[in-house]
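Here is data36.cif, consisting of mmCIF, C-alpha atoms:
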data_data
loop_
_atom_site.group_PDB
_atom_site.id
_atom_site.type_symbol
_atom_site.label_atom_id
_atom_site.label_comp_id
_atom_site.auth_asym_id
_atom_site.auth_seq_id
_atom_site.Cartn_x
_atom_site.Cartn_y
_atom_site.Cartn_z
ATOM 1 C CA ASN A 1 8.981 3.344 8.762
ATOM 2 C CA VAL A 2 7.050 6.495 7.865
ATOM 3 C CA ARG A 3 6.767 9.428 10.270
ATOM 4 C CA ASN A 4 4.737 12.633 10.418
ATOM 5 C CA ALA A 5 5.915 16.197 11.091
ATOM 6 C CA GLN A 6 6.132 15.393 14.797
ATOM 7 C CA ALA A 7 8.403 12.396 14.059
ATOM 8 C CA GLU A 8 5.641 10.031 15.169
ATOM 9 C CA LEU A 9 5.340 6.680 13.423
ATOM 10 C CA VAL A 10 2.273 6.782 11.167
ATOM 11 C CA GLY A 11 2.788 3.780 8.909
ATOM 12 C CA HIS A 12 5.039 1.061 7.677
ATOM 13 C CA GLY A 13 5.327 -1.273 4.753
ATOM 14 C CA SER A 14 7.839 -3.229 2.734
ATOM 15 C CA GLY A 15 10.118 -2.543 -0.210
ATOM 16 C CA PHE A 16 13.154 -3.813 -2.067
ATOM 17 C CA PHE A 17 16.373 -2.577 -3.631
ATOM 18 C CA VAL A 18 16.816 -2.489 -7.395
ATOM 19 C CA ARG A 19 19.661 -1.371 -9.673
ATOM 20 C CA ASP A 20 22.026 -0.325 -6.831
ATOM 21 C CA ASP A 21 22.341 0.063 -3.070
ATOM 22 C CA VAL A 22 20.365 3.309 -2.797
ATOM 23 C CA THR A 23 17.271 2.751 -4.977
ATOM 24 C CA VAL A 24 14.230 1.282 -3.240
ATOM 25 C CA VAL A 25 10.860 0.344 -4.739
ATOM 26 C CA THR A 26 7.707 0.468 -2.639
ATOM 27 C CA ASN A 27 4.026 1.355 -2.915
ATOM 28 C CA PHE A 28 3.065 5.004 -3.098
ATOM 29 C CA HIS A 29 0.421 4.522 -0.426
ATOM 30 C CA VAL A 30 3.108 3.348 2.014
ATOM 31 C CA ILE A 31 4.794 6.774 2.029
ATOM 32 C CA GLU A 32 1.734 8.928 1.328
ATOM 33 C CA GLY A 33 1.149 11.578 3.966
ATOM 34 C CA GLY A 34 4.575 11.089 5.534
ATOM 35 C CA HIS A 35 7.153 13.792 6.254
ATOM 36 C CA SER A 36 10.145 11.488 6.683
ATOM 37 C CA ALA A 37 10.992 7.823 6.522
ATOM 38 C CA ASP A 38 13.741 5.276 6.894
ATOM 39 C CA VAL A 39 14.317 1.888 5.331
ATOM 40 C CA VAL A 40 15.213 -0.791 7.861
ATOM 41 C CA LEU A 41 17.505 -3.546 6.625
ATOM 42 C CA GLN A 42 17.128 -7.163 7.658
ATOM 43 C CA ASP A 43 19.778 -6.733 10.366
ATOM 44 C CA GLY A 44 17.908 -3.756 11.815
ATOM 45 C CA THR A 45 20.094 -1.036 10.316
ATOM 46 C CA PRO A 46 18.013 2.054 9.381
ATOM 47 C CA LEU A 47 18.823 3.985 6.207
ATOM 48 C CA SER A 48 17.337 7.462 5.912
ATOM 49 C CA VAL A 49 15.155 8.184 2.902
ATOM 50 C CA LEU A 50 16.721 11.160 1.134
ATOM 51 C CA GLY A 51 13.748 11.737 -1.143
ATOM 52 C CA VAL A 52 11.427 10.363 -3.785
ATOM 53 C CA ALA A 53 12.894 9.951 -7.282
ATOM 54 C CA THR A 54 9.502 9.451 -8.906
ATOM 55 C CA PHE A 55 6.027 8.123 -8.213
ATOM 56 C CA ASP A 56 2.905 7.032 -10.063
ATOM 57 C CA LEU A 57 -0.417 7.342 -8.282
ATOM 58 C CA MET A 58 -2.339 5.028 -10.601
ATOM 59 C CA SER A 59 0.292 2.302 -10.464
ATOM 60 C CA ASP A 60 0.702 2.922 -6.722
ATOM 61 C CA VAL A 61 4.484 2.847 -7.017
ATOM 62 C CA ALA A 62 7.181 5.074 -5.538
ATOM 63 C CA ILE A 63 10.921 5.001 -6.163
ATOM 64 C CA LEU A 64 12.929 6.135 -3.143
ATOM 65 C CA LYS A 65 16.559 7.090 -2.738
ATOM 66 C CA VAL A 66 18.177 6.223 0.584
ATOM 67 C CA ALA A 67 21.459 7.130 2.232
ATOM 68 C CA ARG A 68 24.271 4.756 1.284
ATOM 69 C CA ASP A 69 25.956 2.802 4.054
ATOM 70 C CA PRO A 70 29.419 1.725 2.812
ATOM 71 C CA LYS A 71 29.599 -0.887 5.564
ATOM 72 C CA LYS A 72 26.594 -2.765 4.191
ATOM 73 C CA ALA A 73 26.753 -5.115 1.226
ATOM 74 C CA ILE A 74 23.343 -4.685 -0.351
ATOM 75 C CA HIS A 75 22.409 -6.911 -3.266
ATOM 76 C CA PRO A 76 19.642 -5.397 -5.403
ATOM 77 C CA LEU A 77 16.982 -7.722 -6.757
ATOM 78 C CA ILE A 78 16.693 -8.505 -10.437
ATOM 79 C CA LEU A 79 13.487 -7.622 -12.254
ATOM 80 C CA GLY A 80 12.068 -10.332 -14.486
ATOM 81 C CA GLN A 81 10.519 -9.908 -17.904
ATOM 82 C CA ASN A 82 7.835 -7.299 -18.478
ATOM 83 C CA SER A 83 5.131 -9.797 -19.402
ATOM 84 C CA PRO A 84 3.476 -11.474 -16.400
ATOM 85 C CA PRO A 85 4.108 -15.159 -15.695
ATOM 86 C CA HIS A 86 1.690 -17.815 -16.846
ATOM 87 C CA VAL A 87 -1.438 -18.484 -14.828
ATOM 88 C CA ALA A 88 -0.899 -21.395 -12.402
ATOM 89 C CA SER A 89 2.838 -20.680 -12.124
ATOM 90 C CA LYS A 90 4.333 -20.279 -8.646
ATOM 91 C CA ALA A 91 4.531 -16.964 -6.826
ATOM 92 C CA TYR A 92 6.404 -16.132 -3.624
ATOM 93 C CA VAL A 93 6.220 -13.051 -1.406
ATOM 94 C CA ILE A 94 8.802 -11.910 1.147
ATOM 95 C CA GLY A 95 7.806 -8.924 3.251
ATOM 96 C CA ALA A 96 6.832 -7.631 6.664
ATOM 97 C CA PRO A 97 3.117 -8.326 7.224
ATOM 98 C CA LYS A 98 1.994 -6.730 10.480
ATOM 99 C CA GLY A 99 5.630 -5.747 11.002
ATOM 100 C CA LEU A 100 6.877 -9.353 11.010
ATOM 101 C CA ASP A 101 10.061 -8.931 9.002
ATOM 102 C CA SER A 102 11.229 -11.426 6.382
ATOM 103 C CA SER A 103 7.955 -13.349 6.332
ATOM 104 C CA PHE A 104 7.624 -15.787 3.426
ATOM 105 C CA SER A 105 4.416 -16.844 1.713
ATOM 106 C CA GLU A 106 3.794 -18.837 -1.423
ATOM 107 C CA GLY A 107 0.964 -19.383 -3.839
ATOM 108 C CA SER A 108 0.137 -19.328 -7.502
ATOM 109 C CA VAL A 109 -0.591 -16.780 -10.182
ATOM 110 C CA SER A 110 -4.356 -17.050 -10.523
ATOM 111 C CA ALA A 111 -5.078 -14.378 -13.154
ATOM 112 C CA HIS A 112 -3.882 -11.267 -14.988
ATOM 113 C CA ARG A 113 -5.947 -8.075 -14.778
ATOM 114 C CA GLU A 114 -5.560 -5.275 -17.324
ATOM 115 C CA ILE A 115 -6.924 -2.050 -15.837
ATOM 116 C CA ASP A 116 -6.338 1.459 -17.186
ATOM 117 C CA GLY A 117 -3.305 0.321 -19.140
ATOM 118 C CA ARG A 118 -1.704 -1.395 -16.180
ATOM 119 C CA THR A 119 -1.188 -5.091 -15.590
ATOM 120 C CA TRP A 120 -2.000 -6.521 -12.175
ATOM 121 C CA ILE A 121 -1.109 -10.046 -11.163
ATOM 122 C CA GLN A 122 -3.745 -11.791 -9.092
ATOM 123 C CA THR A 123 -2.150 -14.327 -6.786
ATOM 124 C CA THR A 124 -2.983 -16.685 -3.947
ATOM 125 C CA ALA A 125 0.301 -15.839 -2.190
ATOM 126 C CA ALA A 126 -0.712 -14.108 1.040
ATOM 127 C CA ILE A 127 -0.511 -10.303 1.199
ATOM 128 C CA SER A 128 -1.394 -8.598 4.495
ATOM 129 C CA PRO A 129 -1.132 -5.056 5.912
ATOM 130 C CA GLY A 130 2.591 -4.341 6.048
ATOM 131 C CA SER A 131 3.261 -6.506 2.969
ATOM 132 C CA SER A 132 2.669 -3.551 0.650
ATOM 133 C CA GLY A 133 5.769 -2.985 -1.457
ATOM 134 C CA SER A 134 7.060 -6.526 -1.025
ATOM 135 C CA PRO A 135 8.744 -8.213 -3.981
ATOM 136 C CA VAL A 136 6.814 -11.052 -5.574
ATOM 137 C CA PHE A 137 9.127 -13.677 -7.034
ATOM 138 C CA GLY A 138 8.656 -16.291 -9.701
ATOM 139 C CA SER A 139 10.113 -19.786 -9.500
ATOM 140 C CA ASN A 140 13.328 -18.554 -11.165
ATOM 141 C CA GLY A 141 14.019 -16.113 -8.338
ATOM 142 C CA LEU A 142 13.363 -13.006 -10.415
ATOM 143 C CA VAL A 143 10.898 -10.324 -9.382
ATOM 144 C CA ILE A 144 7.584 -10.685 -11.231
ATOM 145 C CA GLY A 145 5.716 -7.945 -9.385
ATOM 146 C CA MET A 146 5.223 -5.843 -6.278
ATOM 147 C CA ALA A 147 2.643 -6.742 -3.639
ATOM 148 C CA THR A 148 0.066 -3.975 -3.582
ATOM 149 C CA SER A 149 -3.323 -4.972 -2.186
ATOM 150 C CA SER A 150 -5.638 -7.703 -1.030
ATOM 151 C CA HIS A 151 -9.420 -7.932 -1.213
ATOM 152 C CA ILE A 152 -10.467 -8.481 2.388
ATOM 153 C CA GLY A 153 -13.975 -9.557 1.375
ATOM 154 C CA GLY A 154 -12.713 -12.633 -0.485
ATOM 155 C CA GLN A 155 -10.270 -15.480 -0.039
ATOM 156 C CA ASN A 156 -6.807 -15.444 -1.615
ATOM 157 C CA LEU A 157 -7.590 -12.377 -3.723
ATOM 158 C CA ASN A 158 -4.241 -10.637 -3.660
ATOM 159 C CA PHE A 159 -2.783 -8.288 -6.252
ATOM 160 C CA ALA A 160 0.684 -7.268 -7.397
ATOM 161 C CA LEU A 161 1.786 -4.643 -9.877
ATOM 162 C CA ALA A 162 3.519 -6.345 -12.802
ATOM 163 C CA THR A 163 7.273 -5.885 -13.238
ATOM 164 C CA GLY A 164 7.019 -3.901 -16.466
ATOM 165 C CA HIS A 165 5.476 -0.934 -14.649
ATOM 166 C CA ILE A 166 8.111 -1.114 -11.918
ATOM 167 C CA ARG A 167 10.852 -1.010 -14.537
ATOM 168 C CA GLU A 168 9.229 2.038 -16.169
ATOM 169 C CA ALA A 169 9.134 3.851 -12.826
ATOM 170 C CA VAL A 170 12.775 3.064 -12.070
ATOM 171 C CA ARG A 171 13.825 4.395 -15.475
ATOM 172 C CA ALA A 172 11.734 7.536 -14.986
ATOM 173 C CA GLY A 173 13.482 8.433 -11.748
ATOM 174 C CA GLY A 174 15.933 11.298 -12.182
ATOM 175 C CA ASN A 175 18.692 12.771 -10.053
ATOM 176 C CA ARG A 176 16.452 15.494 -8.674
ATOM 177 C CA LEU A 177 14.658 14.208 -5.596
ATOM 178 C CA ILE A 178 11.299 15.267 -4.220
ATOM 179 C CA LYS A 179 11.137 15.786 -0.478
ATOM 180 C CA MET A 180 8.596 13.520 1.153
ATOM 181 C CA VAL A 181 6.791 16.493 2.610
ATOM 182 C CA ASP A 182 6.272 17.806 -0.937
ATOM 183 C CA VAL A 183 4.767 14.576 -2.264
ATOM 184 C CA PRO A 184 1.007 15.070 -2.823
ATOM 185 C CA SER A 185 -1.361 13.229 -0.522
ATOM 186 C CA ARG A 186 -5.027 12.383 -0.999
ATOM 187 C CA GLN A 187 -5.514 10.706 2.362
ATOM 188 C CA GLN A 188 -5.127 11.643 5.965
ATOM 189 C CA PRO A 189 -2.059 9.912 7.438
ATOM 190 C CA SER A 190 -4.189 8.225 10.091
ATOM 191 C CA LYS A 191 -6.309 6.533 7.424
ATOM 192 C CA GLN A 192 -3.264 5.430 5.491
ATOM 193 C CA ALA A 193 -1.689 3.944 8.589
ATOM 194 C CA ALA A 194 -4.860 2.096 9.553
ATOM 195 C CA ASP A 195 -4.990 0.109 6.320
ATOM 196 C CA PRO A 196 -1.517 0.097 4.731
ATOM 197 C CA ALA A 197 -2.385 -2.823 2.441
ATOM 198 C CA LYS A 198 -4.997 -0.840 0.526
ATOM 199 C CA PRO A 199 -3.810 1.296 -2.390
ATOM 200 C CA ALA A 200 -4.008 5.049 -1.931
ATOM 201 C CA ASP A 201 -5.902 5.313 -5.203
ATOM 202 C CA ASP A 202 -9.419 4.171 -4.296
ATOM 203 C CA ASP A 203 -10.486 4.221 -7.947
ATOM 204 C CA THR A 204 -7.712 1.817 -8.903
ATOM 205 C CA TYR A 205 -8.546 -0.462 -5.992
ATOM 206 C CA ALA A 206 -12.233 -0.434 -6.893
ATOM 207 C CA ALA A 207 -11.374 -1.205 -10.514
ATOM 208 C CA ILE A 208 -9.335 -4.240 -9.491
ATOM 209 C CA VAL A 209 -12.137 -5.550 -7.293
ATOM 210 C CA ALA A 210 -14.674 -4.877 -10.074
ATOM 211 C CA ALA A 211 -12.559 -6.866 -12.485
ATOM 212 C CA VAL A 212 -12.614 -9.779 -10.048
ATOM 213 C CA LYS A 213 -16.372 -9.594 -9.659
ATOM 214 C CA GLU A 214 -16.928 -9.468 -13.403
ATOM 215 C CA ALA A 215 -14.678 -12.476 -14.083
#
Show me the file's structure as structure tokens.
Amino acid sequence: NVRNAQAELVGHGSGFFVRDDVTVVTNFHVIEGGHSADVVLQDGTPLSVLGVATFDLMSDVAILKVARDPKKAIHPLILGQNSPPHVASKAYVIGAPKGLDSSFSEGSVSAHREIDGRTWIQTTAAISPGSSGSPVFGSNGLVIGMATSSHIGGQNLNFALATGHIREAVRAGGNRLIKMVDVPSRQQPSKQAADPAKPADDDTYAAIVAAVKEA
């Protein structure tokens, strides 16, 4: 849950723990424009976001650090190999589309898109507003990507950032945290909240759609 300076809810999305019980991966556009946030566990327990360890606008990824709750046994997810899975292999998404927690969808990897040095996985697994930041799993249970966007004008045109870029972002995160209020924003919070499934970087989003049209 992302809030503005008046502590009003302005957006929400999904995310997942990696490496330990305080490191959370999500999309940059999920937190963009926010002043504070909390990560809500499956049982409803909120964990305050202490700050942003790192972010990448073009990859639309943000690494958050949250307050540790010693009473909670959190099991971080395991990132798969850097190279994307084969086309036609299975893909599964678990997230909170439209705020519906722990929703499961399945589909297939339909293509790989190389754009500006970044690999995007095109999948038929459903991604809706609120799914942004969800882990995308392969058939072996490892994370193959992060749900990032969907092309509303088409059918089953959903995109996930490949695991290799997530791993790079996690490694880049240092001990010095950036306050959410100090994270740069290129959108008004109201716009971000209205369409949380669309990446904050319009150029990246347009490039993905263009790649689909050219295929």
At a cut-off of 12 Å, using only C-alpha atoms, what residues contact Gly117 of chain A? Leave out same-chain residues fewer than 3 positions from it and give the result as a list in words.
Met58, Ser59, Arg113, Glu114, Trp120, Leu161, Ala162, Gly164, His165, Thr204 and Ala207 of chain A
Please indicate the distance in Å from atom CA of Gly33 of chain A to atom CA of Gln122 of chain A, rounded to one decimal place.
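Pair atom CA of Gly33 of chain A / atom CA of Gln122 of chain A returns 27.2 Å.
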Listed atoms of segment 1-8 of chain A boxed along x, y and z, 6 Å each side, centre and edge lengths in Å, one decimal, as lines of an AutoDock Vina configuration file:
center_x = 6.9
center_y = 9.8
center_z = 11.5
size_x = 16.2
size_y = 24.9
size_z = 19.3
Compile the contact shell of Phe28 of chain A as a PyMOL selection string: residues with an atom at most 7 Å away, counting all atoms listed in the file, same-chain residues fewer than 4 positions apart removed.
chain A and resi 32+55+57+60-62
Which one is closest to Ala37 of chain A: A:Glu8, A:Asp20, A:Asp56, A:Asp101? Count all atoms listed in the file.
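Under the stated criterion, the closest residue is A:Glu8.
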I need the output of the PyMOL selection byres ((chain A and resi 77) around 7) for this file as a list in words; which residues are they?
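With the PyMOL selection byres ((chain A and resi 77) around 7) on this model, the match is Phe17, Val18, His75, Pro76, Ile78 and Leu79 of chain A.
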Is it possible to add N, CA and C atoms to segment 46-62 of chain A and hand it back as a PDB file, keeping the file's coordinate frame?
ATOM      1  N   PRO A  46      18.889   1.103  10.093  1.00  0.00           N
ATOM      2  CA  PRO A  46      18.013   2.054   9.381  1.00  0.00           C
ATOM      3  C   PRO A  46      18.808   2.901   8.387  1.00  0.00           C
ATOM      4  N   LEU A  47      18.242   3.109   7.213  1.00  0.00           N
ATOM      5  CA  LEU A  47      18.823   3.985   6.207  1.00  0.00           C
ATOM      6  C   LEU A  47      17.825   5.102   5.937  1.00  0.00           C
ATOM      7  N   SER A  48      18.239   6.324   6.093  1.00  0.00           N
ATOM      8  CA  SER A  48      17.337   7.462   5.912  1.00  0.00           C
ATOM      9  C   SER A  48      16.925   7.600   4.453  1.00  0.00           C
ATOM     10  N   VAL A  49      15.647   7.895   4.241  1.00  0.00           N
ATOM     11  CA  VAL A  49      15.155   8.184   2.902  1.00  0.00           C
ATOM     12  C   VAL A  49      15.502   9.629   2.579  1.00  0.00           C
ATOM     13  N   LEU A  50      16.292   9.823   1.519  1.00  0.00           N
ATOM     14  CA  LEU A  50      16.721  11.160   1.134  1.00  0.00           C
ATOM     15  C   LEU A  50      15.648  11.892   0.343  1.00  0.00           C
ATOM     16  N   GLY A  51      14.810  11.132  -0.353  1.00  0.00           N
ATOM     17  CA  GLY A  51      13.748  11.737  -1.143  1.00  0.00           C
ATOM     18  C   GLY A  51      13.123  10.731  -2.079  1.00  0.00           C
ATOM     19  N   VAL A  52      12.162  11.197  -2.841  1.00  0.00           N
ATOM     20  CA  VAL A  52      11.427  10.363  -3.785  1.00  0.00           C
ATOM     21  C   VAL A  52      11.898  10.712  -5.196  1.00  0.00           C
ATOM     22  N   ALA A  53      12.411   9.718  -5.921  1.00  0.00           N
ATOM     23  CA  ALA A  53      12.894   9.951  -7.282  1.00  0.00           C
ATOM     24  C   ALA A  53      11.741  10.127  -8.252  1.00  0.00           C
ATOM     25  N   THR A  54      10.702   9.340  -8.080  1.00  0.00           N
ATOM     26  CA  THR A  54       9.502   9.451  -8.906  1.00  0.00           C
ATOM     27  C   THR A  54       8.389   8.649  -8.261  1.00  0.00           C
ATOM     28  N   PHE A  55       7.150   8.892  -8.711  1.00  0.00           N
ATOM     29  CA  PHE A  55       6.027   8.123  -8.213  1.00  0.00           C
ATOM     30  C   PHE A  55       4.927   8.127  -9.254  1.00  0.00           C
ATOM     31  N   ASP A  56       4.044   7.150  -9.156  1.00  0.00           N
ATOM     32  CA  ASP A  56       2.905   7.032 -10.063  1.00  0.00           C
ATOM     33  C   ASP A  56       1.693   6.663  -9.222  1.00  0.00           C
ATOM     34  N   LEU A  57       0.749   7.570  -9.132  1.00  0.00           N
ATOM     35  CA  LEU A  57      -0.417   7.342  -8.282  1.00  0.00           C
ATOM     36  C   LEU A  57      -1.253   6.167  -8.767  1.00  0.00           C
ATOM     37  N   MET A  58      -1.479   6.073 -10.071  1.00  0.00           N
ATOM     38  CA  MET A  58      -2.339   5.028 -10.601  1.00  0.00           C
ATOM     39  C   MET A  58      -1.703   3.643 -10.486  1.00  0.00           C
ATOM     40  N   SER A  59      -0.403   3.578 -10.626  1.00  0.00           N
ATOM     41  CA  SER A  59       0.292   2.302 -10.464  1.00  0.00           C
ATOM     42  C   SER A  59       0.603   2.029  -9.001  1.00  0.00           C
ATOM     43  N   ASP A  60       0.418   3.028  -8.153  1.00  0.00           N
ATOM     44  CA  ASP A  60       0.702   2.922  -6.722  1.00  0.00           C
ATOM     45  C   ASP A  60       2.154   2.495  -6.478  1.00  0.00           C
ATOM     46  N   VAL A  61       3.070   3.174  -7.159  1.00  0.00           N
ATOM     47  CA  VAL A  61       4.484   2.847  -7.017  1.00  0.00           C
ATOM     48  C   VAL A  61       5.264   4.118  -6.704  1.00  0.00           C
ATOM     49  N   ALA A  62       6.281   3.971  -5.860  1.00  0.00           N
ATOM     50  CA  ALA A  62       7.181   5.074  -5.538  1.00  0.00           C
ATOM     51  C   ALA A  62       8.612   4.548  -5.558  1.00  0.00           C
TER      52      ALA A  62
END
